[in-house]
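Trainee: Please see the structure below; I have some questions.
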Amino acid sequence: MNQIDLWIKSLEQAFEKTGEIAPWPVHIGSVAPYFSDMEARNIFDKLKKISKEKDAHNIVRKLLISPGVTKALLMDFIIGMKVAKPKITRVERIWFVNYIFDVLSEMQAGDIFCLDGKNLILSDVEAQNLIKGRPWIWEGKENRELVQSLYKVSASTKSLIWSLYFYGWDDIGYEVHGPYNVRGPRGNVLQLVITDYFDIKPTILWNSMEKFPYNSVRLFSLYKKGIKLSIDIFCHFFNEGNLLDSTEGIYIEANGIPLRIKTQAESITKELLTKVSEQHALINRMTKEEVINKYIESRYYAFRKWREYFGEDWYPPKKVLSRIKEWGIIEIPEGKGPSWSELKKAFDPRTNYIPGA
């Protein structure tokens with residue numbers, strides 16, 4: 001099975017597990033038409049130029065935010081290539097997608113499509129080294145409330161991510177990877193899962209985040225050997241056991257500082273949820289046109305390194321944003337988005353299918 005077939009299979013697997021997701025604050029189908037053709041043409045041309053450079057793969061690796069983000073952005077990008085002008089041919093689309101897959105294979109230690117239920121970025125040795133020297137909180141009756149409060153910090157950070165990047169590209173700000181088989185301090189085999197919220201203060205995207213005190217949150221969770229865990233291509237983490245009962249140890253840090261006290265965790269959770277509420281209130285005051293504009297900004301923000309590499313401004317071109325006024329608001333009725341059978345064809349670079357065309 002070639003890489004594109006594996007890609008489609010992994011998307012199908014992930015969509016089956018994901019179920020219905022509320023398209024908040026607007027459906028991605030109401031946003032993509034304004035920018036996708038121009039963005040795809042722009043990034044495609046940039047990769048063509050970079051591919052001719054001596055150290056091309058290393059350059060592209062530095063331009064990609066993270067493996068999970070890259071795969072999330074690629075879905076809409078494939079559709080964009082199909083409508084781009086000048087035309088991007090089927091052969092060129094296949095070349096682009098396979099080139100990105102080849103670079104991702106160099107960035108990851110395991111199956112880039114996560115079909116085995118693992119999203120592995122670290123080698124076994126790198127994962128094992130992360131166990132050493134960390135002030136782990138070990139699960140037990142005396143620490144149960146503390147562990148629970150630490151997990152709430154992570155959940156609250158995920159809520160903040162949604163309020164910053166919306167449902168379509170929430171992956172822009174975080175990556176979940178693992179499970180890695182490691183040995184704990186007592187020599188017992190455990191499963192390590194890392195949730196890395198690496199961009200929770202995007203001030204150039206949201207000036208409302210200027211005074212927010214945290215830039216990053218990292219969660220390291222050690223789970224018992226027998227618990228069935230999996231991570232799909234969308235970085236969705238599935239734990240078939242009870243979260244607390246399956247946890248052996250936990251370590252979480254904010255801005256690189258470990259959290260070890262329940263009141264400290266509760267204080268940070270409160271700060272996170274207060275900012276989430278403020279973001280929601282801000283978004284609710286925005287017009288639909290302003291929300292779509294911000295959605296497009298976040299997409300260009302995700303590809304900012306590509307434009308900065310060529311000395312360009314990362315912000316969306318005026319021609320893209322002017323389309324919102326020229327074309328009006330594109331409405332997608334609730335529950336009327338494309339089916340999986342349609343998306344399957346849309347996300348396949350070998351077809352010319354465009355949903356809604």
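Ordered as shown in the structure tokens, chains take letters A, B, and onward, while each chain numbers its residues from 1 and ligands are numbered from 1 in the order shown.
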Please report, as a VMD selection string, each residue of range 11-243 of chain A to which DSSP assigns alpha helix (DSSP H) when run on this structure's backbone.

Mentor: chain A and resid 11 to 18 32 to 51 56 to 63 67 to 83 90 to 107 124 to 131 144 to 165 243

Trainee: Could you produce a table of the residues of range 180-278 of chain A lying within 12 Å of range 121-139 of chain A, with the nearest pair of atoms per residue and their separation in Å rounded to one decimal, using only C-alpha atoms, ordered by chain and increasing residue number, as CSV?

Mentor:
```
residue,atom,partner,partner_atom,distance
A:Tyr180,CA,A:Ala127,CA,6.7
A:Asn181,CA,A:Asp124,CA,7.4
A:Val182,CA,A:Gln128,CA,5.5
A:Arg183,CA,A:Gln128,CA,7.1
A:Gly184,CA,A:Ile131,CA,7.2
A:Pro185,CA,A:Lys132,CA,8.1
A:Arg186,CA,A:Ile131,CA,11.6
A:Gly187,CA,A:Gln128,CA,11.4
A:Val189,CA,A:Gln128,CA,10.8
A:Leu190,CA,A:Gln128,CA,10.4
A:Gln191,CA,A:Ala127,CA,10.1
A:Leu192,CA,A:Ala127,CA,7.8
A:Val193,CA,A:Ala127,CA,9.6
A:Ile194,CA,A:Ala127,CA,9.7
A:Thr195,CA,A:Ile121,CA,11.9
A:Asp196,CA,A:Ile121,CA,11.8
A:Leu219,CA,A:Trp136,CA,11.1
A:Phe220,CA,A:Trp136,CA,9.0
A:Ser221,CA,A:Trp136,CA,9.3
A:Leu222,CA,A:Trp138,CA,9.1
A:Tyr223,CA,A:Glu139,CA,10.1
A:Lys224,CA,A:Glu139,CA,10.9
A:Leu243,CA,A:Glu139,CA,10.9
A:Leu244,CA,A:Glu139,CA,7.7
A:Asp245,CA,A:Glu139,CA,8.2
A:Ser246,CA,A:Glu139,CA,9.1
A:Thr247,CA,A:Glu139,CA,6.5
A:Glu248,CA,A:Glu139,CA,5.3
A:Gly249,CA,A:Trp138,CA,4.3
A:Ile250,CA,A:Ile137,CA,5.2
A:Tyr251,CA,A:Trp136,CA,5.2
A:Ile252,CA,A:Trp136,CA,8.6
A:Glu253,CA,A:Pro135,CA,10.4
A:Gly256,CA,A:Arg134,CA,11.7
A:Ile257,CA,A:Pro135,CA,10.9
A:Pro258,CA,A:Pro135,CA,7.8
A:Leu259,CA,A:Pro135,CA,9.3
A:Arg260,CA,A:Ile137,CA,7.3
A:Ile261,CA,A:Ile137,CA,9.9
A:Lys262,CA,A:Ile137,CA,11.3
```

Trainee: Got a sec: who's within 6 Å of range 140-152 of chain A, counting only C-alpha atoms, leaving out chain neighbours fewer than 2 positions off, as JSON, numbers by chain?

Mentor: {"A": [154, 155, 156, 262, 265]}

Trainee: Can you list, as a PyMOL selection string, every protein, DNA or RNA residue that comes within 8 Å of Ile78 in chain A when you count only C-alpha atoms, leaving out same-chain residues fewer than 5 positions away?

Mentor: chain A and resi 40+93+346-349

Trainee: Output C-alpha atoms for every residue in that selection, as a PDB file, in the first residue's frame.

Mentor:
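Output (part34.pdb):
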```pdb
ATOM      1  CA  ALA A  40      -1.949  26.253  -1.912  1.00  0.00           C
ATOM      2  CA  ARG A  93      -0.206  17.284  -6.160  1.00  0.00           C
ATOM      3  CA  ALA A 346     -11.511  15.385  -1.448  1.00  0.00           C
ATOM      4  CA  PHE A 347      -8.439  14.591   0.687  1.00  0.00           C
ATOM      5  CA  ASP A 348      -6.987  12.304  -1.989  1.00  0.00           C
ATOM      6  CA  PRO A 349      -4.560  14.304  -4.173  1.00  0.00           C
TER       7      PRO A 349
END
```

Trainee: Could you give me, as a PyMOL selection string, the residues within 12 Å of range 277-284 of chain A, counting only C-alpha atoms and dropping anything in the same chain fewer than 4 positions from it?

Mentor: chain A and resi 24-26+156+159-166+206-209+212+270-273+288-295

Trainee: Which is closest to Val31 in chain A among A:Asp116, A:Asp45, A:Asp76, A:Glu210, if we use only C-alpha atoms?

Mentor: A:Asp76

Trainee: Rounded to one decimal in Å, what is the spacing between CA of Glu342 in chain A and CA of Phe15 in chain A?

Mentor: 12.6 Å

Trainee: So, with only C-alpha atoms as the atoms that count, which of A:Asn255, A:Phe237, A:Gly226, A:Asn119 lies closest to Ile200 in chain A?

Mentor: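 Smallest distance to Ile200 in chain A is found for A:Asn255.
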
Trainee: Quick one: everything within 12 Å of Ile4 in chain A, counting only C-alpha atoms, minus sequence neighbours fewer than 5 positions away in the same chain. Send it as a list in words.

Mentor: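 Final neighbour list, sorted by chain and number: Lys9, Ser10, Leu11, Met75, Ile78, Arg93, Ile94, Trp95, Phe96, Val97, Asn98, Tyr99, Ile100, Phe101, Asp102, Ile112, Phe113, Lys344, Lys345, Phe347, Asp348, Pro349, Arg350 and Thr351 of chain A.
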
Trainee: Could you tell me how far CA of Ser230 in chain A sits from CA of Ala109 in chain A, in Å to one decimal place?

Mentor: 15.8 Å

Trainee: Here is a test: counting only C-alpha atoms, which residue of A:Lys158, A:Glu39, A:Asn352, A:Glu53 is nearest to Arg90 in chain A?

Mentor: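 Once distances to Arg90 in chain A are computed over only C-alpha atoms, the minimum belongs to A:Asn352.
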
Trainee: Quick check, in Å to one decimal: how far apart do CA of Ile324 in chain A and CA of Pro23 in chain A lie?

Mentor: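 CA of Pro23 in chain A lies 19.0 Å from CA of Ile324 in chain A.
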
Trainee: Determine which residues of range 179-319 of chain A DSSP labels as strand (DSSP E) from the backbone of this structure, then write them out as a PyMOL selection string.

Mentor: chain A and resi 179-183+189-197+217-224+229-231+237-239+247-254+257-258
